[in-house]
Amino acid sequence: MVSIGFLIAFMIAFWVFNDARKRGHEIGSALLWSIGTCALVVLVLPLYLMFGRRPQVNINKDRDVIDIEATVVSESSISCTMCGHKVNDDFNVCPYCGFTLRPKCKECGHQLSRSDKNCPNCQLPTDLK
Ligand SMILES: [Zn+2]
Ligand SMILES: [Zn+2]
């Protein structure tokens with residue numbers, strides 16, 4: 001009778017371990033849950049089902065980082081002339097080095113392109129390097 005009970009507890013602990021790993025727990029934390037379940041299955045299993053199965057925060061953080069990268073490096077990307085990083089075509093300033101990608105005329109505020117020597121609107125020299 002005792003050995004059957006232990007076997008069931010062990011099987012549940014094994015399931016908890018795999019389940020915890022699938023949900024992004026660290027191997028140590030998954031092991032802790034499964035050891036706890038093995039020792040006190042009646043107490044720890046409900047606790048695990050209530051708290052342990054929540055999505056882990058660090059997974060969401062990783063996803064956010066990937067999303068930011070994806071928005072910076074989009075299909076309409078150009079290379080920053082200063083640092084060479086790929087940046088979105090409609091960015092005004094390079095997010096990596098702060099280089100002004102879309103300079104504006106100091107006099108009239110007209111949007112200039114890097115190759116403009118003079119402002120096409122007011123003809124003032126642009127002093128772009
Ligand atoms: Zn740059
Ligand atoms: Zn101008």
# chains A, B, ... in the order shown; residues from 1 in each chain; ligands from 1
$ residues_near_ligand --ligand "ligand 1" --cutoff "10 Å" --atoms "only C-alpha atoms and all ligand atoms" --output "PDB file with N, CA and C atoms, in the first residue's frame"
ATOM      1  N   SER A  79      20.464  51.805 -43.818  1.00  0.00           N
ATOM      2  CA  SER A  79      21.626  51.730 -42.946  1.00  0.00           C
ATOM      3  C   SER A  79      21.991  53.128 -42.474  1.00  0.00           C
ATOM      4  N   CYS A  80      22.258  53.234 -41.160  1.00  0.00           N
ATOM      5  CA  CYS A  80      22.716  54.512 -40.614  1.00  0.00           C
ATOM      6  C   CYS A  80      24.081  54.833 -41.205  1.00  0.00           C
ATOM      7  N   THR A  81      24.238  56.052 -41.721  1.00  0.00           N
ATOM      8  CA  THR A  81      25.519  56.421 -42.350  1.00  0.00           C
ATOM      9  C   THR A  81      26.640  56.498 -41.333  1.00  0.00           C
ATOM     10  N   MET A  82      26.299  56.749 -40.068  1.00  0.00           N
ATOM     11  CA  MET A  82      27.323  56.921 -39.051  1.00  0.00           C
ATOM     12  C   MET A  82      27.789  55.580 -38.488  1.00  0.00           C
ATOM     13  N   CYS A  83      26.852  54.750 -38.028  1.00  0.00           N
ATOM     14  CA  CYS A  83      27.250  53.520 -37.332  1.00  0.00           C
ATOM     15  C   CYS A  83      26.963  52.256 -38.139  1.00  0.00           C
ATOM     16  N   GLY A  84      26.198  52.362 -39.236  1.00  0.00           N
ATOM     17  CA  GLY A  84      25.964  51.201 -40.086  1.00  0.00           C
ATOM     18  C   GLY A  84      24.834  50.295 -39.639  1.00  0.00           C
ATOM     19  N   HIS A  85      24.207  50.593 -38.486  1.00  0.00           N
ATOM     20  CA  HIS A  85      23.069  49.787 -38.030  1.00  0.00           C
ATOM     21  C   HIS A  85      21.888  49.944 -38.972  1.00  0.00           C
ATOM     22  N   LYS A  86      21.107  48.877 -39.105  1.00  0.00           N
ATOM     23  CA  LYS A  86      19.874  48.981 -39.878  1.00  0.00           C
ATOM     24  C   LYS A  86      18.815  49.694 -39.029  1.00  0.00           C
ATOM     25  N   VAL A  87      18.244  50.737 -39.587  1.00  0.00           N
ATOM     26  CA  VAL A  87      17.199  51.486 -38.889  1.00  0.00           C
ATOM     27  C   VAL A  87      15.998  51.652 -39.812  1.00  0.00           C
ATOM     28  N   VAL A  93      16.031  60.028 -36.307  1.00  0.00           N
ATOM     29  CA  VAL A  93      17.326  59.942 -35.648  1.00  0.00           C
ATOM     30  C   VAL A  93      17.669  58.468 -35.464  1.00  0.00           C
ATOM     31  N   CYS A  94      18.940  58.102 -35.667  1.00  0.00           N
ATOM     32  CA  CYS A  94      19.369  56.722 -35.453  1.00  0.00           C
ATOM     33  C   CYS A  94      19.229  56.377 -33.973  1.00  0.00           C
ATOM     34  N   PRO A  95      18.478  55.310 -33.624  1.00  0.00           N
ATOM     35  CA  PRO A  95      18.312  54.966 -32.216  1.00  0.00           C
ATOM     36  C   PRO A  95      19.573  54.382 -31.594  1.00  0.00           C
ATOM     37  N   TYR A  96      20.555  54.010 -32.396  1.00  0.00           N
ATOM     38  CA  TYR A  96      21.776  53.388 -31.880  1.00  0.00           C
ATOM     39  C   TYR A  96      22.837  54.421 -31.538  1.00  0.00           C
ATOM     40  N   CYS A  97      23.009  55.438 -32.401  1.00  0.00           N
ATOM     41  CA  CYS A  97      24.101  56.394 -32.175  1.00  0.00           C
ATOM     42  C   CYS A  97      23.624  57.843 -32.101  1.00  0.00           C
ATOM     43  N   GLY A  98      22.324  58.101 -32.354  1.00  0.00           N
ATOM     44  CA  GLY A  98      21.818  59.458 -32.252  1.00  0.00           C
ATOM     45  C   GLY A  98      22.094  60.326 -33.464  1.00  0.00           C
ATOM     46  N   PHE A  99      22.587  59.721 -34.524  1.00  0.00           N
ATOM     47  CA  PHE A  99      22.891  60.448 -35.760  1.00  0.00           C
ATOM     48  C   PHE A  99      21.599  60.930 -36.420  1.00  0.00           C
ATOM     49  N   THR A 100      21.575  62.193 -36.882  1.00  0.00           N
ATOM     50  CA  THR A 100      20.375  62.734 -37.527  1.00  0.00           C
ATOM     51  C   THR A 100      20.248  62.165 -38.937  1.00  0.00           C
ATOM     52  N   LEU A 101      19.227  61.332 -39.138  1.00  0.00           N
ATOM     53  CA  LEU A 101      19.048  60.694 -40.438  1.00  0.00           C
ATOM     54  C   LEU A 101      18.289  61.588 -41.406  1.00  0.00           C
TER      55      LEU A 101
END
$ residues_around --residues "Thr126 (chain A)" --least-positions-apart "6" --cutoff "12 Å" --atoms "only C-alpha atoms" --output "ChimeraX atom specification"
/A:103-120
$ closest_residue --among "A:Asp127, A:Ser34, A:Ala9, A:Cys122" --to "ligand 2" --atoms "only C-alpha atoms and all ligand atoms"
A:Cys122
$ residues_around --residues "region 26-33 of chain A" --least-positions-apart "3" --cutoff "8 Å" --atoms "only C-alpha atoms" --output "list of chain:residue names"
A:Ala13, A:Val16, A:Phe17, A:Asn18, A:Ala20, A:Arg21, A:Gly36, A:Thr37, A:Val44, A:Tyr48, A:Gly52
$ atom_distance --atom1 "CA of Leu7 (chain A)" --atom2 "CA of Met50 (chain A)"
23.3 Å
$ select_by_dssp --residues "chain A" --states "helix (DSSP H, G or I)" --output "ChimeraX atom specification"
/A:2-22,27-39,41-52,57-72
$ select_by_dssp --residues "chain A" --states "strand (DSSP E)" --output "PDB file with C-alpha atoms, in the first residue's frame"
ATOM      1  CA  SER A  77      15.093  49.689 -43.364  1.00  0.00           C
ATOM      2  CA  ILE A  78      18.095  51.757 -44.318  1.00  0.00           C
ATOM      3  CA  SER A  79      21.626  51.730 -42.946  1.00  0.00           C
ATOM      4  CA  LYS A  86      19.874  48.981 -39.878  1.00  0.00           C
ATOM      5  CA  VAL A  87      17.199  51.486 -38.889  1.00  0.00           C
ATOM      6  CA  ASN A  88      13.614  52.054 -39.962  1.00  0.00           C
TER       7      ASN A  88
END
$ decode --residues "region 79-109 of chain A" --atoms "N, CA and C atoms" --output "compact mmCIF listing (two decimals), in the first residue's frame"
# COMPACT_ATOMS: atom_id res chain seq x y z
N SER A 79 20.46 51.81 -43.82
CA SER A 79 21.63 51.73 -42.95
C SER A 79 21.99 53.13 -42.47
N CYS A 80 22.26 53.23 -41.16
CA CYS A 80 22.72 54.51 -40.61
C CYS A 80 24.08 54.83 -41.21
N THR A 81 24.24 56.05 -41.72
CA THR A 81 25.52 56.42 -42.35
C THR A 81 26.64 56.50 -41.33
N MET A 82 26.30 56.75 -40.07
CA MET A 82 27.32 56.92 -39.05
C MET A 82 27.79 55.58 -38.49
N CYS A 83 26.85 54.75 -38.03
CA CYS A 83 27.25 53.52 -37.33
C CYS A 83 26.96 52.26 -38.14
N GLY A 84 26.20 52.36 -39.24
CA GLY A 84 25.96 51.20 -40.09
C GLY A 84 24.83 50.29 -39.64
N HIS A 85 24.21 50.59 -38.49
CA HIS A 85 23.07 49.79 -38.03
C HIS A 85 21.89 49.94 -38.97
N LYS A 86 21.11 48.88 -39.11
CA LYS A 86 19.87 48.98 -39.88
C LYS A 86 18.82 49.69 -39.03
N VAL A 87 18.24 50.74 -39.59
CA VAL A 87 17.20 51.49 -38.89
C VAL A 87 16.00 51.65 -39.81
N ASN A 88 14.84 51.88 -39.19
CA ASN A 88 13.61 52.05 -39.96
C ASN A 88 13.71 53.26 -40.89
N ASP A 89 13.13 53.10 -42.07
CA ASP A 89 13.23 54.14 -43.10
C ASP A 89 12.68 55.49 -42.65
N ASP A 90 11.64 55.46 -41.79
CA ASP A 90 11.02 56.74 -41.43
C ASP A 90 11.51 57.30 -40.10
N PHE A 91 12.61 56.74 -39.56
CA PHE A 91 13.19 57.30 -38.34
C PHE A 91 13.88 58.62 -38.66
N ASN A 92 13.75 59.59 -37.75
CA ASN A 92 14.44 60.86 -37.94
C ASN A 92 15.86 60.81 -37.39
N VAL A 93 16.03 60.03 -36.31
CA VAL A 93 17.33 59.94 -35.65
C VAL A 93 17.67 58.47 -35.46
N CYS A 94 18.94 58.10 -35.67
CA CYS A 94 19.37 56.72 -35.45
C CYS A 94 19.23 56.38 -33.97
N PRO A 95 18.48 55.31 -33.62
CA PRO A 95 18.31 54.97 -32.22
C PRO A 95 19.57 54.38 -31.59
N TYR A 96 20.56 54.01 -32.40
CA TYR A 96 21.78 53.39 -31.88
C TYR A 96 22.84 54.42 -31.54
N CYS A 97 23.01 55.44 -32.40
CA CYS A 97 24.10 56.39 -32.18
C CYS A 97 23.62 57.84 -32.10
N GLY A 98 22.32 58.10 -32.35
CA GLY A 98 21.82 59.46 -32.25
C GLY A 98 22.09 60.33 -33.46
N PHE A 99 22.59 59.72 -34.52
CA PHE A 99 22.89 60.45 -35.76
C PHE A 99 21.60 60.93 -36.42
N THR A 100 21.57 62.19 -36.88
CA THR A 100 20.38 62.73 -37.53
C THR A 100 20.25 62.17 -38.94
N LEU A 101 19.23 61.33 -39.14
CA LEU A 101 19.05 60.69 -40.44
C LEU A 101 18.29 61.59 -41.41
N ARG A 102 17.39 62.39 -40.86
CA ARG A 102 16.59 63.27 -41.71
C ARG A 102 16.76 64.70 -41.24
N PRO A 103 17.79 65.35 -41.70
CA PRO A 103 18.05 66.72 -41.24
C PRO A 103 17.00 67.69 -41.78
N LYS A 104 16.80 68.74 -41.00
CA LYS A 104 15.86 69.77 -41.44
C LYS A 104 16.60 71.09 -41.59
N CYS A 105 16.09 71.91 -42.46
CA CYS A 105 16.69 73.21 -42.70
C CYS A 105 16.56 74.06 -41.43
N LYS A 106 17.71 74.68 -41.04
CA LYS A 106 17.69 75.51 -39.82
C LYS A 106 16.82 76.75 -40.01
N GLU A 107 16.74 77.19 -41.25
CA GLU A 107 16.04 78.43 -41.53
C GLU A 107 14.52 78.22 -41.63
N CYS A 108 14.08 77.30 -42.51
CA CYS A 108 12.66 77.18 -42.78
C CYS A 108 12.05 75.87 -42.29
N GLY A 109 12.88 74.93 -41.80
CA GLY A 109 12.34 73.67 -41.29
C GLY A 109 11.99 72.66 -42.36
